[in-house]
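structure.txt (compact mmCIF, C-alpha atoms and all ligand atoms)
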# COMPACT_ATOMS: atom_id res chain seq x y z
CA MET A 1 2.47 13.53 -16.64
CA VAL A 2 5.46 11.36 -17.43
CA PRO A 3 5.82 8.48 -14.95
CA PRO A 4 9.08 8.43 -12.98
CA PRO A 5 11.92 6.55 -14.67
CA ILE A 6 12.18 2.86 -13.89
CA PRO A 7 15.41 1.98 -12.07
CA ASP A 8 18.01 0.07 -13.99
CA VAL A 9 17.33 -3.33 -12.46
CA ALA A 10 16.69 -6.71 -14.06
CA VAL A 11 13.00 -7.57 -14.32
CA PRO A 12 12.16 -11.29 -14.22
CA ALA A 13 10.82 -12.99 -17.36
CA GLU A 14 7.05 -13.09 -17.95
CA GLU A 15 6.66 -16.70 -16.80
CA VAL A 16 8.41 -15.84 -13.53
CA LEU A 17 6.22 -12.75 -13.09
CA VAL A 18 3.13 -14.95 -13.48
CA GLN A 19 4.43 -17.25 -10.71
CA LEU A 20 5.27 -14.29 -8.45
CA GLU A 21 1.78 -12.84 -8.92
CA GLU A 22 0.11 -16.18 -8.20
CA LEU A 23 2.24 -16.64 -5.11
CA ALA A 24 1.43 -13.12 -3.89
CA VAL A 25 -2.31 -13.81 -4.28
CA ALA A 26 -2.06 -17.17 -2.52
CA VAL A 27 -0.10 -15.98 0.51
CA ALA A 28 -1.98 -12.67 0.92
CA THR A 29 -5.28 -14.57 0.82
CA GLU A 30 -4.05 -17.09 3.40
CA ALA A 31 -2.78 -14.33 5.72
CA GLY A 32 -6.09 -12.50 5.29
CA ARG A 33 -7.95 -15.62 6.43
CA LEU A 34 -5.62 -15.87 9.43
CA ILE A 35 -6.15 -12.32 10.67
CA VAL A 36 -9.94 -12.58 10.41
CA GLY A 37 -10.34 -16.23 11.48
CA GLU A 38 -7.94 -16.16 14.43
CA ARG A 39 -8.55 -12.63 15.65
CA PRO A 40 -8.70 -12.91 19.46
CA VAL A 41 -11.98 -11.86 21.07
CA GLU A 42 -10.00 -9.50 23.28
CA LEU A 43 -7.45 -8.15 20.83
CA ALA A 44 -4.62 -6.51 22.77
CA VAL A 45 -1.85 -4.13 21.74
CA ALA A 46 1.39 -6.14 21.90
CA THR A 47 3.75 -3.19 21.51
CA THR A 48 4.03 0.27 19.99
CA LYS A 49 6.53 1.76 17.53
CA SER A 50 6.98 5.42 16.50
CA SER A 51 4.40 6.74 19.00
CA SER A 52 1.91 5.43 21.54
CA THR A 53 -0.77 5.23 18.81
CA ASP A 54 1.45 3.31 16.35
CA VAL A 55 0.38 -0.11 17.56
CA VAL A 56 1.34 -3.69 16.81
CA THR A 57 -1.08 -6.49 17.71
CA GLU A 58 -0.15 -10.14 18.08
CA MET A 59 -1.90 -10.72 14.73
CA ASP A 60 0.43 -8.30 12.87
CA GLN A 61 3.36 -10.47 13.92
CA ARG A 62 1.54 -13.75 13.28
CA SER A 63 0.47 -12.61 9.81
CA GLN A 64 4.02 -11.57 8.97
CA ASP A 65 5.45 -14.86 10.31
CA LEU A 66 3.03 -16.80 8.09
CA LEU A 67 3.95 -14.72 5.02
CA HIS A 68 7.64 -15.16 5.79
CA ARG A 69 7.33 -18.94 6.17
CA ARG A 70 5.28 -19.42 3.00
CA LEU A 71 7.44 -17.15 0.85
CA SER A 72 10.71 -18.66 2.14
CA ALA A 73 9.44 -22.17 1.46
CA ALA A 74 8.31 -21.30 -2.08
CA ARG A 75 11.29 -19.08 -3.01
CA PRO A 76 14.20 -19.63 -0.61
CA ASP A 77 16.59 -17.34 -2.53
CA ASP A 78 14.43 -14.23 -2.32
CA ALA A 79 14.91 -11.50 0.28
CA PHE A 80 12.12 -10.49 2.66
CA LEU A 81 11.21 -7.10 4.13
CA GLY A 82 8.15 -6.72 6.33
CA GLU A 83 6.67 -4.00 8.49
CA GLU A 84 7.26 -6.01 11.66
CA GLU A 85 10.50 -7.54 12.91
CA GLY A 86 12.34 -10.26 11.04
CA GLY A 87 13.71 -9.58 7.55
CA ARG A 88 16.00 -11.73 5.43
CA LEU A 89 18.61 -11.11 2.73
CA GLY A 90 18.48 -13.06 -0.54
CA SER A 91 20.45 -13.77 -3.69
CA SER A 92 17.78 -13.90 -6.46
CA GLY A 93 17.36 -10.13 -6.94
CA VAL A 94 13.72 -10.33 -5.80
CA THR A 95 12.62 -8.96 -2.42
CA TRP A 96 9.18 -9.62 -0.93
CA VAL A 97 7.94 -6.39 0.63
CA VAL A 98 4.95 -7.12 2.85
CA ASP A 99 2.55 -5.32 5.12
CA PRO A 100 0.99 -8.06 7.26
CA ILE A 101 -1.90 -5.79 8.31
CA ASP A 102 -2.16 -2.44 6.58
CA GLY A 103 -4.70 -0.44 8.55
CA THR A 104 -3.75 -1.84 11.95
CA VAL A 105 -5.76 0.83 13.79
CA ASN A 106 -8.86 -0.17 11.80
CA TYR A 107 -8.09 -3.79 12.68
CA LEU A 108 -7.77 -2.89 16.37
CA TYR A 109 -11.17 -1.16 16.32
CA ASP A 110 -12.72 -3.84 14.07
CA ILE A 111 -13.41 -1.36 11.28
CA PRO A 112 -13.53 -3.51 8.12
CA ALA A 113 -10.99 -1.53 6.09
CA TYR A 114 -7.66 -3.27 6.49
CA ALA A 115 -5.56 -5.37 4.18
CA VAL A 116 -2.68 -7.74 3.68
CA SER A 117 -0.27 -6.34 1.10
CA VAL A 118 2.37 -8.53 -0.58
CA ALA A 119 4.71 -7.35 -3.34
CA ALA A 120 7.68 -8.82 -5.17
CA VAL A 121 10.08 -5.99 -5.96
CA VAL A 122 13.40 -5.71 -7.79
CA GLY A 123 16.17 -3.35 -6.76
CA ASP A 124 16.89 -2.16 -3.22
CA PRO A 125 13.69 -1.14 -1.39
CA SER A 126 15.72 0.98 1.04
CA VAL A 127 16.97 3.26 -1.79
CA VAL A 128 14.57 5.92 -3.09
CA GLY A 129 14.20 5.43 -6.83
CA GLY A 130 16.27 2.24 -6.69
CA TRP A 131 13.46 -0.31 -6.72
CA THR A 132 10.20 -1.10 -8.41
CA PRO A 133 7.40 -3.60 -7.73
CA VAL A 134 6.96 -6.31 -10.37
CA ALA A 135 4.12 -8.41 -8.90
CA GLY A 136 1.77 -7.93 -6.01
CA CYS A 137 -1.54 -8.45 -4.28
CA VAL A 138 -3.66 -6.53 -1.77
CA VAL A 139 -6.46 -8.41 0.01
CA ASN A 140 -9.19 -6.95 2.21
CA PRO A 141 -10.19 -10.17 3.97
CA VAL A 142 -13.47 -8.77 5.32
CA SER A 143 -14.94 -7.40 2.08
CA GLY A 144 -13.32 -10.12 -0.02
CA GLU A 145 -11.71 -7.52 -2.28
CA VAL A 146 -8.58 -8.89 -3.95
CA PHE A 147 -6.41 -6.67 -6.17
CA HIS A 148 -3.41 -8.07 -7.99
CA ALA A 149 -1.05 -7.22 -10.79
CA ARG A 150 2.20 -8.11 -12.45
CA ARG A 151 4.43 -5.82 -14.47
CA GLY A 152 3.05 -5.55 -18.00
CA GLY A 153 0.16 -7.90 -17.22
CA GLY A 154 -2.55 -5.43 -16.18
CA ALA A 155 -4.36 -5.16 -12.84
CA ARG A 156 -7.23 -7.36 -11.75
CA ARG A 157 -9.85 -6.98 -9.05
CA ARG A 158 -12.27 -9.43 -7.46
CA ARG A 159 -14.95 -8.06 -5.16
CA GLY A 160 -16.38 -10.62 -2.76
CA ARG A 161 -17.90 -13.37 -4.84
CA LEU A 162 -17.95 -11.35 -8.03
CA ALA A 163 -15.73 -12.55 -10.84
CA ARG A 164 -12.31 -11.07 -11.46
CA THR A 165 -12.35 -8.04 -13.73
CA SER A 166 -9.74 -5.63 -14.99
CA ALA A 167 -9.18 -2.63 -12.74
CA ARG A 168 -9.18 0.78 -14.46
CA VAL A 169 -8.46 4.20 -12.97
CA SER A 170 -11.11 6.93 -13.21
CA SER A 171 -11.07 9.31 -16.15
CA ALA A 172 -11.47 12.40 -13.92
CA GLY A 173 -9.43 15.39 -15.04
CA ASP A 174 -10.55 18.36 -12.97
CA PRO A 175 -9.05 18.39 -9.46
CA GLY A 176 -12.03 20.44 -8.28
CA MET A 177 -14.31 17.49 -9.06
CA ALA A 178 -11.97 14.80 -7.73
CA LEU A 179 -12.60 12.56 -4.72
CA VAL A 180 -9.18 12.27 -3.11
CA GLY A 181 -7.91 9.84 -0.49
CA THR A 182 -5.17 10.64 1.99
CA GLY A 183 -3.74 9.43 5.28
CA PHE A 184 -1.77 10.56 8.29
CA GLY A 185 1.26 9.30 10.20
CA TYR A 186 1.49 8.43 13.86
CA VAL A 187 3.75 11.22 15.15
CA ALA A 188 1.90 14.28 16.47
CA ALA A 189 4.13 16.94 14.84
CA LYS A 190 3.89 15.19 11.47
CA ARG A 191 0.11 14.94 11.79
CA ALA A 192 -0.14 18.67 12.53
CA TRP A 193 1.84 19.41 9.36
CA GLN A 194 -0.29 16.96 7.34
CA ALA A 195 -3.39 18.72 8.67
CA SER A 196 -2.14 22.07 7.40
CA VAL A 197 -1.45 20.56 3.96
CA LEU A 198 -4.95 19.11 4.02
CA ALA A 199 -6.44 22.49 4.95
CA SER A 200 -5.22 23.81 1.58
CA VAL A 201 -6.19 20.72 -0.42
CA LEU A 202 -9.71 20.22 0.94
CA PRO A 203 -11.36 23.41 -0.41
CA ARG A 204 -9.91 22.72 -3.86
CA VAL A 205 -11.20 19.18 -4.46
CA ARG A 206 -14.65 17.55 -4.42
CA ASP A 207 -13.96 15.98 -1.03
CA VAL A 208 -11.40 13.96 0.89
CA ARG A 209 -11.58 10.43 2.33
CA ARG A 210 -9.33 9.03 5.07
CA MET A 211 -10.07 5.33 5.17
CA GLY A 212 -7.04 4.14 7.12
CA SER A 213 -5.21 1.75 4.79
CA ALA A 214 -2.77 3.15 2.26
CA ALA A 215 -2.65 -0.15 0.36
CA LEU A 216 -6.44 -0.11 -0.08
CA ASP A 217 -6.42 3.61 -0.92
CA LEU A 218 -4.03 2.93 -3.79
CA CYS A 219 -6.13 -0.01 -5.01
CA HIS A 220 -9.21 2.20 -4.86
CA VAL A 221 -7.47 4.65 -7.17
CA ALA A 222 -6.75 1.68 -9.43
CA ASP A 223 -10.42 0.71 -9.70
CA GLY A 224 -11.78 4.26 -9.82
CA THR A 225 -13.40 4.19 -6.36
CA LEU A 226 -11.17 7.19 -5.62
CA ASP A 227 -10.03 9.63 -8.31
CA GLY A 228 -6.72 10.28 -6.62
CA TYR A 229 -4.68 9.78 -3.46
CA TYR A 230 -1.71 11.43 -1.81
CA GLU A 231 0.14 10.82 1.42
CA HIS A 232 3.40 11.96 2.99
CA GLY A 233 5.32 9.52 5.17
CA LEU A 234 4.56 6.07 3.75
CA ASN A 235 6.98 3.16 3.96
CA ALA A 236 7.86 0.74 1.17
CA TRP A 237 5.52 -1.94 2.58
CA ASP A 238 2.52 0.43 2.60
CA MET A 239 2.92 1.33 -1.06
CA ALA A 240 4.70 -1.50 -2.91
CA ALA A 241 1.78 -3.67 -4.10
CA GLY A 242 -0.71 -0.80 -4.45
CA TRP A 243 1.76 1.22 -6.54
CA LEU A 244 1.95 -1.59 -9.09
CA VAL A 245 -1.82 -2.15 -9.07
CA VAL A 246 -2.36 1.55 -9.90
CA THR A 247 0.20 1.69 -12.72
CA GLU A 248 -1.08 -1.56 -14.22
CA ALA A 249 -4.62 -0.12 -14.07
CA GLY A 250 -3.48 2.79 -16.24
CA GLY A 251 -2.66 5.27 -13.47
CA VAL A 252 0.42 7.26 -12.54
CA VAL A 253 2.22 7.09 -9.19
CA THR A 254 4.93 9.60 -8.34
CA GLY A 255 6.88 10.96 -5.42
CA PRO A 256 8.42 14.34 -4.63
CA GLY A 257 8.96 16.51 -7.73
CA GLY A 258 7.46 13.84 -9.97
CA GLY A 259 10.23 11.37 -9.10
CA ALA A 260 9.92 7.95 -7.56
CA PRO A 261 7.33 7.40 -4.81
CA SER A 262 8.94 7.50 -1.37
CA SER A 263 8.30 8.49 2.21
CA GLY A 264 8.55 12.08 0.89
CA LEU A 265 5.31 11.65 -1.07
CA VAL A 266 3.15 9.08 -2.81
CA LEU A 267 0.70 10.66 -5.26
CA ALA A 268 -1.53 8.45 -7.41
CA ALA A 269 -4.22 9.30 -9.95
CA GLY A 270 -5.35 8.65 -13.48
CA ALA A 271 -3.24 10.24 -16.21
CA GLY A 272 -5.79 13.02 -16.78
CA LEU A 273 -5.83 14.13 -13.15
CA HIS A 274 -2.31 13.41 -11.98
CA SER A 275 -0.50 16.62 -12.91
CA GLY A 276 -3.35 18.86 -11.67
CA LEU A 277 -3.52 17.04 -8.36
CA ALA A 278 0.28 17.08 -8.04
CA ALA A 279 0.34 20.87 -8.58
CA LEU A 280 -2.39 21.34 -6.01
CA VAL A 281 -0.57 19.21 -3.41
CA ASP A 282 2.72 21.03 -4.16
CA ASP A 283 1.00 24.38 -3.51
CA ALA A 284 -0.44 23.03 -0.29
CA VAL A 285 2.99 21.83 0.85
CA SER A 286 4.54 25.24 0.05
CA ALA A 287 1.81 26.94 2.07
CA ALA A 288 2.32 24.57 5.00
CA GLY A 289 6.09 25.17 5.14
CA ASP A 290 8.75 22.60 5.87
CA PRO A 291 7.63 19.27 7.31
CA PRO A 292 8.97 18.50 10.78
CA ASP A 293 12.31 16.72 11.01
CA PRO A 294 11.52 12.98 10.96
CA SER A 295 14.03 12.40 13.77
C1 LIG B 1 -0.86 2.95 7.96
C2 LIG B 1 -2.06 2.98 7.06
C3 LIG B 1 -2.66 4.36 7.03
C4 LIG B 1 -1.65 5.40 6.60
C5 LIG B 1 -0.43 5.34 7.51
C6 LIG B 1 0.15 3.93 7.50
P1 LIG B 1 -0.37 0.62 9.21
O1 LIG B 1 -0.26 1.65 7.95
O2 LIG B 1 -1.72 2.60 5.76
O3 LIG B 1 -3.74 4.46 6.14
O4 LIG B 1 -2.24 6.67 6.68
O5 LIG B 1 0.51 6.25 6.99
O6 LIG B 1 1.26 3.90 8.37
O7 LIG B 1 0.39 1.25 10.34
O8 LIG B 1 -1.80 0.48 9.51
O9 LIG B 1 0.28 -0.61 8.68
CA CA B 2 1.05 -0.15 6.63
As a first step, turn the structure in this file into structure tokens.
Amino acid sequence: MVPPPIPDVAVPAEEVLVQLEELAVAVATEAGRLIVGERPVELAVATTKSSSTDVVTEMDQRSQDLLHRRLSAARPDDAFLGEEEGGRLGSSGVTWVVDPIDGTVNYLYDIPAYAVSVAAVVGDPSVVGGWTPVAGCVVNPVSGEVFHARRGGGARRRRGRLARTSARVSSAGDPGMALVGTGFGYVAAKRAWQASVLASVLPRVRDVRRMGSAALDLCHVADGTLDGYYEHGLNAWDMAAGWLVVTEAGGVVTGPGGGAPSSGLVLAAGAGLHSGLAALVDDAVSAAGDPPDPS
């Protein structure tokens, strides 16, 4: 499988990429400490977004505010795009795309599978195929897992107190033997469609996992914990850092028709599995029919 073309945007020099990666690790780690250390005993839902189950807690906003403050102080000319309210335009060509808590429902229920995801991207993250991540970090603050990467620099993983090692995707090739992650959106009609896609995928793979954080799912493809992952309906902040971690770990991440990852599809796997899994998901989508209108 040929990876999707890289958009025609200027990539920062290696020494800048090193700084961006270090900054991503530092701020994601600090935000991770915040959401665990200052989690209220009675954590309440502050507001909801696309549906009544698409929740925002006070800690989502506090985590994003912290990331915004730290990144603006360190790199005032960069733009900022986060899942919660409060973005900023910039002039440097770099945009920080952050998910202050990826896996908010897990966080709400205190299930220890959520993450802070921080990526530096170039290009316009609102244009499909017009941007690419160049440095990033995903932290699970409960397990201590830290995944990070910079373009051309490889992907690294630290697990709890264990030393940092290189992350490598699995060498699986047969979709029928693959352990595949996926996820679902928050809107009922979309979930029903995703369930019918899943009904076709599930009998044709080893098994499926739905862990509840797209950023961690992607990183688990990067380190071979999952053989592959697909999801329809992700936003740039869910995928940006994990996308880079997978590609720097030797994997392939594509979107619809093998193009750039987008809300239409994010499909990640090792090079030996990717095209087989993509064909299987395509068949499942054809069988399920058109997805519901997002509006
Ligand atoms: C969600 C998680 C989940 C995925 C959803 C995302 P959030 O992000 O990544 O695993 O299935 O599509 O929206 O809302 O917890 O930040
Ligand atoms: Ca998210």
Problem set entry | Shell of 8 Å around ligand CA 2 (chain B) (all atoms listed in the file), written as a count of residues only | 14
Exercise. So, counting all atoms listed in the file, which residue among A:Ser92, A:Thr132, A:Gln194, A:Ser126 is closest to ligand LIG 1 (chain B)?
Worked result: A:Gln194
For this session: Could you give me, as a list in words, the residues that sit within 8 Å of (-9.3, 3.6, -16.6) in the file's coordinates, counting only C-alpha atoms?
Result: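 Taken together, the residues in range are Ala167, Arg168, Val169, Ser170, Ser171, Ala222, Asp223, Gly224, Ala249, Gly250, Gly251 and Gly270 of chain A.
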Exercise. Which residues, written as a VMD selection string, have at least one atom at most 9 Å from Thr29 in chain A, with only C-alpha atoms counted and residues fewer than 5 positions away on the same chain left out?
Worked result: chain A and resid 24 34 116 137 to 141 146
Could you write out the selected residues, including C-alpha atoms, as an mmCIF file, in the frame of the given file?
data_model
loop_
_atom_site.group_PDB
_atom_site.id
_atom_site.type_symbol
_atom_site.label_atom_id
_atom_site.label_comp_id
_atom_site.auth_asym_id
_atom_site.auth_seq_id
_atom_site.Cartn_x
_atom_site.Cartn_y
_atom_site.Cartn_z
ATOM 1 C CA ALA A 24 1.430 -13.120 -3.890
ATOM 2 C CA LEU A 34 -5.620 -15.870 9.430
ATOM 3 C CA VAL A 116 -2.680 -7.740 3.680
ATOM 4 C CA CYS A 137 -1.540 -8.450 -4.280
ATOM 5 C CA VAL A 138 -3.660 -6.530 -1.770
ATOM 6 C CA VAL A 139 -6.460 -8.410 0.010
ATOM 7 C CA ASN A 140 -9.190 -6.950 2.210
ATOM 8 C CA PRO A 141 -10.190 -10.170 3.970
ATOM 9 C CA VAL A 146 -8.580 -8.890 -3.950
#
For this session: Name the residues, by chain letter and number, that sit within 10 Å of ligand LIG 1 (chain B) using all atoms listed in the file, and give them as a VMD selection string.
Result: chain A and resid 49 to 50 53 to 56 60 83 to 84 98 to 108 113 to 117 181 to 186 191 210 to 218 230 to 235 237 to 239 263
Keeping only C-alpha atoms, take the residues you just selected and write them out as an mmCIF file, in the coordinates of the input.
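As a result, result_34.cif now contains:
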data_model
loop_
_atom_site.group_PDB
_atom_site.id
_atom_site.type_symbol
_atom_site.label_atom_id
_atom_site.label_comp_id
_atom_site.auth_asym_id
_atom_site.auth_seq_id
_atom_site.Cartn_x
_atom_site.Cartn_y
_atom_site.Cartn_z
ATOM 1 C CA LYS A 49 6.530 1.760 17.530
ATOM 2 C CA SER A 50 6.980 5.420 16.500
ATOM 3 C CA THR A 53 -0.770 5.230 18.810
ATOM 4 C CA ASP A 54 1.450 3.310 16.350
ATOM 5 C CA VAL A 55 0.380 -0.110 17.560
ATOM 6 C CA VAL A 56 1.340 -3.690 16.810
ATOM 7 C CA ASP A 60 0.430 -8.300 12.870
ATOM 8 C CA GLU A 83 6.670 -4.000 8.490
ATOM 9 C CA GLU A 84 7.260 -6.010 11.660
ATOM 10 C CA VAL A 98 4.950 -7.120 2.850
ATOM 11 C CA ASP A 99 2.550 -5.320 5.120
ATOM 12 C CA PRO A 100 0.990 -8.060 7.260
ATOM 13 C CA ILE A 101 -1.900 -5.790 8.310
ATOM 14 C CA ASP A 102 -2.160 -2.440 6.580
ATOM 15 C CA GLY A 103 -4.700 -0.440 8.550
ATOM 16 C CA THR A 104 -3.750 -1.840 11.950
ATOM 17 C CA VAL A 105 -5.760 0.830 13.790
ATOM 18 C CA ASN A 106 -8.860 -0.170 11.800
ATOM 19 C CA TYR A 107 -8.090 -3.790 12.680
ATOM 20 C CA LEU A 108 -7.770 -2.890 16.370
ATOM 21 C CA ALA A 113 -10.990 -1.530 6.090
ATOM 22 C CA TYR A 114 -7.660 -3.270 6.490
ATOM 23 C CA ALA A 115 -5.560 -5.370 4.180
ATOM 24 C CA VAL A 116 -2.680 -7.740 3.680
ATOM 25 C CA SER A 117 -0.270 -6.340 1.100
ATOM 26 C CA GLY A 181 -7.910 9.840 -0.490
ATOM 27 C CA THR A 182 -5.170 10.640 1.990
ATOM 28 C CA GLY A 183 -3.740 9.430 5.280
ATOM 29 C CA PHE A 184 -1.770 10.560 8.290
ATOM 30 C CA GLY A 185 1.260 9.300 10.200
ATOM 31 C CA TYR A 186 1.490 8.430 13.860
ATOM 32 C CA ARG A 191 0.110 14.940 11.790
ATOM 33 C CA ARG A 210 -9.330 9.030 5.070
ATOM 34 C CA MET A 211 -10.070 5.330 5.170
ATOM 35 C CA GLY A 212 -7.040 4.140 7.120
ATOM 36 C CA SER A 213 -5.210 1.750 4.790
ATOM 37 C CA ALA A 214 -2.770 3.150 2.260
ATOM 38 C CA ALA A 215 -2.650 -0.150 0.360
ATOM 39 C CA LEU A 216 -6.440 -0.110 -0.080
ATOM 40 C CA ASP A 217 -6.420 3.610 -0.920
ATOM 41 C CA LEU A 218 -4.030 2.930 -3.790
ATOM 42 C CA TYR A 230 -1.710 11.430 -1.810
ATOM 43 C CA GLU A 231 0.140 10.820 1.420
ATOM 44 C CA HIS A 232 3.400 11.960 2.990
ATOM 45 C CA GLY A 233 5.320 9.520 5.170
ATOM 46 C CA LEU A 234 4.560 6.070 3.750
ATOM 47 C CA ASN A 235 6.980 3.160 3.960
ATOM 48 C CA TRP A 237 5.520 -1.940 2.580
ATOM 49 C CA ASP A 238 2.520 0.430 2.600
ATOM 50 C CA MET A 239 2.920 1.330 -1.060
ATOM 51 C CA SER A 263 8.300 8.490 2.210
#
Problem set entry | Two-atom distance - CA of Ser166 in chain A, CA of Pro133 in chain A (Å) |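 Value for the CA of Ser166 in chain A-CA of Pro133 in chain A distance: 18.7 Å.
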For this session: Take CA of Arg206 in chain A and CA of Pro256 in chain A and report the distance between them in Å, one decimal.
Result: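 About the pair CA of Arg206 in chain A and CA of Pro256 in chain A: they are 23.3 Å apart.
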Problem set entry | Contacts of Val27 in chain A at 10 Å (all atoms listed in the file; same-chain gap of 5+ positions) as number ranges by chain | A: 22, 32-33, 63, 66-71, 116-118, 137, 139
Exercise. Between CA of Leu23 in chain A and CA of Pro7 in chain A, what is the spacing in Å?
Worked result: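 Interatomic distance here is 23.8 Å.
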Exercise. Could you pull the residues within 10 Å of Gly160 in chain A, counting all atoms listed in the file, minus those fewer than 3 positions along the same chain, as a list in words?
Worked result: Asn140, Pro141, Val142, Ser143, Gly144, Glu145, Val146, Arg157, Ala163 and Arg164 of chain A
For this session: Name all residues at most 7 Å from Arg88 in chain A (count only C-alpha atoms; drop same-chain ones fewer than 3 positions away) and give them as a PyMOL selection string.
Result: chain A and resi 79-81
Problem set entry | Val205 in chain A environment, 7 Å, all atoms listed in the file, sequence neighbours closer than 4 positions dropped, as a VMD selection string | chain A and resid 175 to 179 201
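Distances to Arg156 in chain A were evaluated for A:Ser200, A:Thr48, A:Thr247, A:Ser72 using all atoms listed in the file, and the minimum falls at A:Thr247.
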Problem set entry | Best match for closeness to Ala13 in chain A among A:Arg39, A:Leu89, A:Arg150, A:Gly123, counting all atoms listed in the file |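 With all atoms listed in the file as the atom set, the closest residue is A:Arg150.
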Exercise. When distances are computed from only C-alpha atoms, which of A:Arg158, A:His274, A:Arg209, A:Lys190 shows the smallest separation from Ser51 in chain A?
Worked result: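 Closest candidate: A:Lys190.
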Problem set entry | Residue nearest Gly264 in chain A - candidates A:Gly129, A:Gly154, A:Gly93, A:Gly276, atoms counted: all atoms listed in the file |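 Smallest distance to Gly264 in chain A is found for A:Gly129.
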Exercise. Looking at A:Ala188, A:Ala195, A:Val208, A:Val122, which one is nearest to Ala240 in chain A, with distances taken over all atoms listed in the file?
Worked result: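 Using all atoms listed in the file, Ala240 in chain A sits closest to A:Val122.
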Would you mind completing range 233-245 of chain A to N, CA, C and O atoms and writing the output as a short mmCIF file (atom, residue, chain, number, x, y, z; two decimals), in the coordinates of the input?
data_model
loop_
_atom_site.label_atom_id
_atom_site.label_comp_id
_atom_site.auth_asym_id
_atom_site.auth_seq_id
_atom_site.Cartn_x
_atom_site.Cartn_y
_atom_site.Cartn_z
N GLY A 233 4.85 10.30 4.03
CA GLY A 233 5.32 9.52 5.17
C GLY A 233 5.10 8.02 5.06
O GLY A 233 5.26 7.32 6.05
N LEU A 234 4.76 7.52 3.88
CA LEU A 234 4.56 6.07 3.75
C LEU A 234 5.90 5.32 3.72
O LEU A 234 6.93 5.87 3.33
N ASN A 235 5.83 4.07 4.08
CA ASN A 235 6.98 3.16 3.96
C ASN A 235 6.80 2.26 2.74
O ASN A 235 5.69 2.15 2.20
N ALA A 236 7.90 1.59 2.38
CA ALA A 236 7.86 0.74 1.17
C ALA A 236 6.74 -0.29 1.27
O ALA A 236 6.04 -0.57 0.29
N TRP A 237 6.53 -0.88 2.46
CA TRP A 237 5.52 -1.94 2.58
C TRP A 237 4.09 -1.42 2.44
O TRP A 237 3.21 -2.17 2.07
N ASP A 238 3.87 -0.13 2.77
CA ASP A 238 2.52 0.43 2.60
C ASP A 238 2.17 0.56 1.11
O ASP A 238 1.02 0.47 0.72
N MET A 239 3.19 0.89 0.31
CA MET A 239 2.92 1.33 -1.06
C MET A 239 3.23 0.29 -2.13
O MET A 239 2.74 0.40 -3.26
N ALA A 240 4.09 -0.72 -1.83
CA ALA A 240 4.70 -1.50 -2.91
C ALA A 240 3.66 -2.17 -3.82
O ALA A 240 3.68 -1.98 -5.04
N ALA A 241 2.75 -2.95 -3.25
CA ALA A 241 1.78 -3.67 -4.10
C ALA A 241 0.78 -2.69 -4.73
O ALA A 241 0.47 -2.79 -5.92
N GLY A 242 0.29 -1.75 -3.93
CA GLY A 242 -0.71 -0.80 -4.45
C GLY A 242 -0.16 0.06 -5.58
O GLY A 242 -0.87 0.37 -6.54
N TRP A 243 1.10 0.43 -5.48
CA TRP A 243 1.76 1.22 -6.54
C TRP A 243 1.66 0.48 -7.87
O TRP A 243 1.26 1.03 -8.90
N LEU A 244 2.00 -0.81 -7.86
CA LEU A 244 1.95 -1.59 -9.09
C LEU A 244 0.51 -1.74 -9.60
O LEU A 244 0.25 -1.64 -10.81
N VAL A 245 -0.42 -1.98 -8.66
CA VAL A 245 -1.82 -2.15 -9.07
C VAL A 245 -2.31 -0.88 -9.78
O VAL A 245 -2.98 -0.94 -10.81
#
